[in-house]
Amino acid sequence: MRITRRTALLLPLLATQAPTPTWAQERTLKVVTSFTILADMVQQVGESRVTVRSLAGPNQDLHGFEPRPSDLQAIAGADVMVINGLGLEGWAERLAQSAGFKGTAIVASKGVPALKSGHKHGSGAGHSHAHGAFDPHAWQDIANARLYVENIRAGLAAADPSRAAAHTAAAARYTNELTALDAEIRALFAAIPRALRRAVTSHDAFAYFAAAYGMDMLAIAGTWKDSEPSARDLAALTAQVKRQNIRALFLENASNPAALNALSSETGIRIGGELYPDALTAPGGPADTYLKMMRHNATTIVEALK
């Protein structure tokens, strides 16, 4: 087309009258989650249709988390807020009210068969720390994670009905990946005799994992979480570990290693590696997604028990 002087003068006007681009019509949902595991699940379901911020960051223990003013601002500007529930985020409701949050609230654990706080699977009774009536670490069972995904899908669809079909398709794809991983982990544990599936971790976060995969998990949390145990306490736990034929100890990414190191030295049981119960690693780390975290935890435990 030959550009005349008149055409040149009309081009700016034509540009202002052009159709609005698709990307401008499809604004991403702003989602705030309480911790990184939920953030990853939301990203898997929402894909490019969401922008996700996790209040507690990578390798950050949510149990002692204290919200900051910037977190209040993030919630105030969010379309969706996702929490775990089961008493894990006692500050969530107050923070949402203070921020004037008016968006869609999602409780990811809604409908899961929750274990009572302090529940012990098998013969692995030991020290624990209280969360309230229920153990909140339900994501450690992939069957529960599938319920989390459905709750997230429903919440995103309610907040953004025009893209509900896309959220549903992504949730179905992700659920299939979770189901495949669950079968993979069960096959790993099937190679270990049930009587040998016993371990010690830093705090009581693996009851759901233990129940799902047939393990006894002893935790040394409580007053020891941020300090070394007393000589009397260490002697009692050492006797219990020997009595129950515990085969491996595991550190956790967001816990103080002092107590586990002391127990390892006292019992001669080696530390089998680092597990990730409550927080993902930074991008590029060994557990920067929920799928990678669960696979890492399972393979680390199985390798140490062989």
# chains A, B, ... in the order shown; residues from 1 in each chain; ligands from 1
call {"tool": "select_by_dssp", "arguments": {"residues": "region 43-201 of chain A", "states": "helix (DSSP H, G or I)", "output": "PyMOL selection string"}}
result
chain A and resi 43-49+62-64+69-76+92-99+138-140+142-159+161-190+194-196
call {"tool": "residues_around", "arguments": {"residues": "region 152-162 of chain A", "least_positions_apart": "2", "cutoff": "9 Å", "atoms": "only C-alpha atoms", "output": "PyMOL selection string"}}
result
chain A and resi 29+41-42+45-46+79-80+82+103-108+147-150+164-168+170-171
call {"tool": "write_last_selection", "arguments": {"atoms": "N, CA and C atoms", "output": "JSON list (two decimals), in the first residue's frame"}}
result
[["chain", "number", "residue", "atom", "x", "y", "z"],
["A", 29, "LEU", "N", -5.11, -13.69, 37.52],
["A", 29, "LEU", "CA", -5.58, -13.59, 38.89],
["A", 29, "LEU", "C", -4.40, -13.40, 39.83],
["A", 41, "MET", "N", 1.05, -25.65, 43.97],
["A", 41, "MET", "CA", -0.20, -26.27, 43.54],
["A", 41, "MET", "C", -1.08, -25.29, 42.77],
["A", 42, "VAL", "N", -1.16, -24.07, 43.27],
["A", 42, "VAL", "CA", -1.95, -23.05, 42.57],
["A", 42, "VAL", "C", -1.37, -22.77, 41.19],
["A", 45, "VAL", "N", -2.31, -25.49, 38.71],
["A", 45, "VAL", "CA", -3.71, -25.43, 38.26],
["A", 45, "VAL", "C", -3.99, -24.17, 37.46],
["A", 46, "GLY", "N", -3.45, -23.05, 37.92],
["A", 46, "GLY", "CA", -3.72, -21.77, 37.26],
["A", 46, "GLY", "C", -2.83, -21.47, 36.09],
["A", 79, "ASP", "N", -6.81, -11.25, 44.47],
["A", 79, "ASP", "CA", -8.13, -11.73, 44.05],
["A", 79, "ASP", "C", -8.50, -13.01, 44.79],
["A", 80, "VAL", "N", -7.47, -13.78, 45.16],
["A", 80, "VAL", "CA", -7.67, -15.08, 45.80],
["A", 80, "VAL", "C", -6.65, -15.25, 46.92],
["A", 82, "VAL", "N", -5.23, -18.36, 49.49],
["A", 82, "VAL", "CA", -5.27, -19.80, 49.73],
["A", 82, "VAL", "C", -4.49, -20.12, 51.00],
["A", 103, "GLY", "N", -11.73, -10.87, 48.25],
["A", 103, "GLY", "CA", -11.68, -11.83, 47.16],
["A", 103, "GLY", "C", -12.18, -13.21, 47.56],
["A", 104, "THR", "N", -11.76, -14.20, 46.79],
["A", 104, "THR", "CA", -12.16, -15.59, 47.02],
["A", 104, "THR", "C", -11.18, -16.25, 47.99],
["A", 105, "ALA", "N", -11.70, -16.82, 49.06],
["A", 105, "ALA", "CA", -10.88, -17.52, 50.04],
["A", 105, "ALA", "C", -10.97, -19.02, 49.80],
["A", 106, "ILE", "N", -9.82, -19.69, 49.78],
["A", 106, "ILE", "CA", -9.76, -21.13, 49.56],
["A", 106, "ILE", "C", -9.05, -21.78, 50.74],
["A", 107, "VAL", "N", -9.69, -22.77, 51.35],
["A", 107, "VAL", "CA", -9.06, -23.60, 52.37],
["A", 107, "VAL", "C", -8.71, -24.91, 51.68],
["A", 108, "ALA", "N", -7.44, -25.10, 51.39],
["A", 108, "ALA", "CA", -7.01, -26.22, 50.54],
["A", 108, "ALA", "C", -7.31, -27.58, 51.15],
["A", 147, "LEU", "N", -7.15, -33.84, 46.81],
["A", 147, "LEU", "CA", -8.27, -33.04, 47.31],
["A", 147, "LEU", "C", -7.89, -31.56, 47.34],
["A", 148, "TYR", "N", -6.65, -31.26, 47.72],
["A", 148, "TYR", "CA", -6.18, -29.88, 47.69],
["A", 148, "TYR", "C", -6.36, -29.30, 46.29],
["A", 149, "VAL", "N", -5.94, -30.07, 45.29],
["A", 149, "VAL", "CA", -6.01, -29.60, 43.91],
["A", 149, "VAL", "C", -7.45, -29.33, 43.50],
["A", 150, "GLU", "N", -8.37, -30.20, 43.89],
["A", 150, "GLU", "CA", -9.78, -29.99, 43.55],
["A", 150, "GLU", "C", -10.32, -28.74, 44.22],
["A", 164, "ALA", "N", -12.79, -21.17, 33.67],
["A", 164, "ALA", "CA", -13.00, -22.35, 34.49],
["A", 164, "ALA", "C", -12.59, -23.63, 33.77],
["A", 165, "ALA", "N", -12.87, -23.70, 32.46],
["A", 165, "ALA", "CA", -12.53, -24.90, 31.70],
["A", 165, "ALA", "C", -11.03, -25.12, 31.65],
["A", 166, "ALA", "N", -10.27, -24.03, 31.52],
["A", 166, "ALA", "CA", -8.81, -24.15, 31.48],
["A", 166, "ALA", "C", -8.27, -24.60, 32.84],
["A", 167, "HIS", "N", -8.84, -24.08, 33.92],
["A", 167, "HIS", "CA", -8.43, -24.52, 35.26],
["A", 167, "HIS", "C", -8.73, -26.00, 35.46],
["A", 168, "THR", "N", -9.89, -26.43, 34.97],
["A", 168, "THR", "CA", -10.29, -27.83, 35.12],
["A", 168, "THR", "C", -9.36, -28.75, 34.36],
["A", 170, "ALA", "N", -6.22, -28.18, 33.51],
["A", 170, "ALA", "CA", -4.90, -28.20, 34.16],
["A", 170, "ALA", "C", -4.95, -29.04, 35.44],
["A", 171, "ALA", "N", -6.03, -28.92, 36.18],
["A", 171, "ALA", "CA", -6.17, -29.72, 37.41],
["A", 171, "ALA", "C", -6.21, -31.21, 37.10]]
call {"tool": "closest_atom_pairs", "arguments": {"of": "region 130-152 of chain A", "to": "region 208-212 of chain A", "cutoff": "10 Å", "atoms": "only C-alpha atoms", "output": "tab-separated table"}}
result
residue	atom	partner	partner_atom	distance
A:Asp135	CA	A:Tyr208	CA	8.6
A:Pro136	CA	A:Tyr208	CA	9.5
A:His137	CA	A:Tyr208	CA	7.0
A:Ala138	CA	A:Tyr208	CA	6.0
A:Trp139	CA	A:Tyr208	CA	7.8
A:Gln140	CA	A:Phe209	CA	5.0
A:Asp141	CA	A:Phe209	CA	5.2
A:Ile142	CA	A:Ala212	CA	8.3
A:Ala143	CA	A:Ala212	CA	8.5
A:Asn144	CA	A:Tyr208	CA	9.0
call {"tool": "closest_residue", "arguments": {"among": "A:Met294, A:Leu234, A:Ile246, A:Leu280", "to": "Glu177 (chain A)", "atoms": "only C-alpha atoms"}}
result
A:Met294
call {"tool": "atom_distance", "arguments": {"atom1": "CA of Leu38 (chain A)", "atom2": "CA of Ile83 (chain A)"}}
result
7.5 Å
call {"tool": "closest_residue", "arguments": {"among": "A:Ala236, A:Leu196, A:Ala114, A:Ala183", "to": "Ala304 (chain A)", "atoms": "only C-alpha atoms"}}
result
A:Leu196
call {"tool": "atom_distance", "arguments": {"atom1": "CA of Tyr276 (chain A)", "atom2": "CA of Asn297 (chain A)"}}
result
6.7 Å
call {"tool": "residues_around", "arguments": {"residues": "Ser34 (chain A)", "least_positions_apart": "2", "cutoff": "12 Å", "atoms": "only C-alpha atoms", "output": "PyMOL selection string"}}
result
chain A and resi 31-32+36-42+52-58+60-63+65-67+71-72+74-75+80-85+88-93+95-96+105-108+278-279
call {"tool": "write_last_selection", "arguments": {"atoms": "C-alpha atoms", "output": "short mmCIF file (atom, residue, chain, number, x, y, z; two decimals), in the first residue's frame"}}
result
data_model
loop_
_atom_site.label_atom_id
_atom_site.label_comp_id
_atom_site.auth_asym_id
_atom_site.auth_seq_id
_atom_site.Cartn_x
_atom_site.Cartn_y
_atom_site.Cartn_z
CA VAL A 31 -3.23 -15.17 44.28
CA VAL A 32 -1.65 -15.11 47.74
CA THR A 36 5.29 -22.47 49.08
CA ILE A 37 3.68 -25.90 48.70
CA LEU A 38 0.29 -24.26 48.16
CA ALA A 39 1.86 -21.72 45.82
CA ASP A 40 3.16 -24.51 43.60
CA MET A 41 -0.20 -26.27 43.54
CA VAL A 42 -1.95 -23.05 42.57
CA VAL A 52 1.16 -16.28 42.79
CA ARG A 53 2.86 -14.92 45.90
CA SER A 54 3.70 -17.11 48.88
CA LEU A 55 3.78 -15.30 52.22
CA ALA A 56 6.29 -17.75 53.73
CA GLY A 57 9.14 -18.21 51.28
CA PRO A 58 11.34 -21.16 50.27
CA GLN A 60 10.87 -20.98 55.62
CA ASP A 61 9.14 -22.70 58.52
CA LEU A 62 5.50 -21.61 58.59
CA HIS A 63 5.02 -22.71 62.22
CA PHE A 65 5.83 -17.33 60.69
CA GLU A 66 4.94 -13.76 61.58
CA PRO A 67 3.23 -11.70 58.83
CA ASP A 71 2.07 -9.31 53.43
CA LEU A 72 -0.90 -7.19 54.48
CA ALA A 74 -0.30 -8.31 49.16
CA ILE A 75 -3.50 -9.72 50.65
CA VAL A 80 -7.67 -15.08 45.80
CA MET A 81 -6.17 -16.15 49.13
CA VAL A 82 -5.27 -19.80 49.73
CA ILE A 83 -4.47 -21.28 53.14
CA ASN A 84 -3.99 -24.84 54.33
CA GLY A 85 -6.39 -24.75 57.26
CA LEU A 88 -1.86 -24.17 60.62
CA GLU A 89 -2.38 -20.47 59.94
CA GLY A 90 -3.94 -19.09 63.11
CA TRP A 91 -3.24 -15.57 61.90
CA ALA A 92 -4.90 -15.88 58.49
CA GLU A 93 -8.42 -14.72 59.32
CA LEU A 95 -4.78 -10.74 58.61
CA ALA A 96 -7.43 -10.97 55.90
CA ALA A 105 -10.88 -17.52 50.04
CA ILE A 106 -9.76 -21.13 49.56
CA VAL A 107 -9.06 -23.60 52.37
CA ALA A 108 -7.01 -26.22 50.54
CA ASP A 278 6.71 -27.83 55.24
CA ALA A 279 8.51 -25.73 52.64
#
call {"tool": "select_by_dssp", "arguments": {"residues": "region 106-273 of chain A", "states": "strand (DSSP E)", "output": "PyMOL selection string"}}
result
chain A and resi 106-107+198-201+216-219+248-252+271-273
call {"tool": "write_last_selection", "arguments": {"atoms": "C-alpha atoms", "output": "mmCIF file, in the first residue's frame"}}
result
data_model
loop_
_atom_site.group_PDB
_atom_site.id
_atom_site.type_symbol
_atom_site.label_atom_id
_atom_site.label_comp_id
_atom_site.auth_asym_id
_atom_site.auth_seq_id
_atom_site.Cartn_x
_atom_site.Cartn_y
_atom_site.Cartn_z
ATOM 1 C CA ILE A 106 -9.758 -21.128 49.557
ATOM 2 C CA VAL A 107 -9.062 -23.595 52.371
ATOM 3 C CA ARG A 198 11.229 -46.877 60.926
ATOM 4 C CA ALA A 199 12.900 -43.481 61.107
ATOM 5 C CA VAL A 200 13.345 -40.330 63.189
ATOM 6 C CA THR A 201 12.708 -36.797 61.901
ATOM 7 C CA ASP A 216 6.725 -45.670 61.816
ATOM 8 C CA MET A 217 7.998 -42.107 62.182
ATOM 9 C CA LEU A 218 9.394 -40.839 65.486
ATOM 10 C CA ALA A 219 9.728 -37.074 65.920
ATOM 11 C CA ALA A 248 17.774 -43.833 60.030
ATOM 12 C CA LEU A 249 17.610 -40.201 61.148
ATOM 13 C CA PHE A 250 16.569 -37.346 58.891
ATOM 14 C CA LEU A 251 17.184 -33.624 59.052
ATOM 15 C CA GLU A 252 14.601 -31.136 57.765
ATOM 16 C CA ILE A 271 21.766 -39.206 59.304
ATOM 17 C CA GLY A 272 20.159 -40.422 56.100
ATOM 18 C CA GLY A 273 19.690 -37.044 54.449
#
call {"tool": "residues_around", "arguments": {"residues": "Leu181 (chain A)", "least_positions_apart": "2", "cutoff": "12 Å", "atoms": "only C-alpha atoms", "output": "VMD selection string"}}
result
chain A and resid 141 to 143 145 to 146 174 to 179 183 to 188 290 to 296 298 to 299
call {"tool": "decode", "arguments": {"residues": "region 45-115 of chain A", "atoms": "C-alpha atoms", "output": "tab-separated table (two decimals), in the first residue's frame"}}
result
chain	number	residue	atom	x	y	z
A	45	VAL	CA	-3.71	-25.43	38.26
A	46	GLY	CA	-3.72	-21.77	37.26
A	47	GLU	CA	-0.69	-21.93	34.95
A	48	SER	CA	-0.17	-18.58	33.18
A	49	ARG	CA	-3.63	-17.43	34.26
A	50	VAL	CA	-2.41	-16.68	37.80
A	51	THR	CA	0.29	-14.64	39.47
A	52	VAL	CA	1.16	-16.28	42.79
A	53	ARG	CA	2.86	-14.92	45.90
A	54	SER	CA	3.70	-17.11	48.88
A	55	LEU	CA	3.78	-15.30	52.22
A	56	ALA	CA	6.29	-17.75	53.73
A	57	GLY	CA	9.14	-18.21	51.28
A	58	PRO	CA	11.34	-21.16	50.27
A	59	ASN	CA	12.88	-23.09	53.17
A	60	GLN	CA	10.87	-20.98	55.62
A	61	ASP	CA	9.14	-22.70	58.52
A	62	LEU	CA	5.50	-21.61	58.59
A	63	HIS	CA	5.02	-22.71	62.22
A	64	GLY	CA	6.80	-19.64	63.55
A	65	PHE	CA	5.83	-17.33	60.69
A	66	GLU	CA	4.94	-13.76	61.58
A	67	PRO	CA	3.23	-11.70	58.83
A	68	ARG	CA	4.90	-8.45	57.73
A	69	PRO	CA	3.30	-5.17	56.56
A	70	SER	CA	4.13	-6.13	52.97
A	71	ASP	CA	2.07	-9.31	53.43
A	72	LEU	CA	-0.90	-7.19	54.48
A	73	GLN	CA	-0.54	-5.17	51.28
A	74	ALA	CA	-0.30	-8.31	49.16
A	75	ILE	CA	-3.50	-9.72	50.65
A	76	ALA	CA	-5.31	-6.41	50.23
A	77	GLY	CA	-4.55	-6.49	46.49
A	78	ALA	CA	-5.22	-10.19	45.94
A	79	ASP	CA	-8.13	-11.73	44.05
A	80	VAL	CA	-7.67	-15.08	45.80
A	81	MET	CA	-6.17	-16.15	49.13
A	82	VAL	CA	-5.27	-19.80	49.73
A	83	ILE	CA	-4.47	-21.28	53.14
A	84	ASN	CA	-3.99	-24.84	54.33
A	85	GLY	CA	-6.39	-24.75	57.26
A	86	LEU	CA	-6.51	-27.38	60.04
A	87	GLY	CA	-5.15	-24.76	62.43
A	88	LEU	CA	-1.86	-24.17	60.62
A	89	GLU	CA	-2.38	-20.47	59.94
A	90	GLY	CA	-3.94	-19.09	63.11
A	91	TRP	CA	-3.24	-15.57	61.90
A	92	ALA	CA	-4.90	-15.88	58.49
A	93	GLU	CA	-8.42	-14.72	59.32
A	94	ARG	CA	-7.22	-11.73	61.35
A	95	LEU	CA	-4.78	-10.74	58.61
A	96	ALA	CA	-7.43	-10.97	55.90
A	97	GLN	CA	-9.80	-8.81	57.95
A	98	SER	CA	-7.09	-6.25	58.65
A	99	ALA	CA	-6.24	-6.10	54.94
A	100	GLY	CA	-9.88	-5.69	53.96
A	101	PHE	CA	-9.64	-8.75	51.73
A	102	LYS	CA	-12.77	-9.11	49.57
A	103	GLY	CA	-11.68	-11.83	47.16
A	104	THR	CA	-12.16	-15.59	47.02
A	105	ALA	CA	-10.88	-17.52	50.04
A	106	ILE	CA	-9.76	-21.13	49.56
A	107	VAL	CA	-9.06	-23.60	52.37
A	108	ALA	CA	-7.01	-26.22	50.54
A	109	SER	CA	-7.48	-28.98	53.13
A	110	LYS	CA	-11.30	-28.83	53.04
A	111	GLY	CA	-12.70	-32.35	53.10
A	112	VAL	CA	-9.49	-34.24	53.89
A	113	PRO	CA	-9.67	-37.06	56.47
A	114	ALA	CA	-7.64	-35.19	59.06
A	115	LEU	CA	-5.58	-36.97	61.69
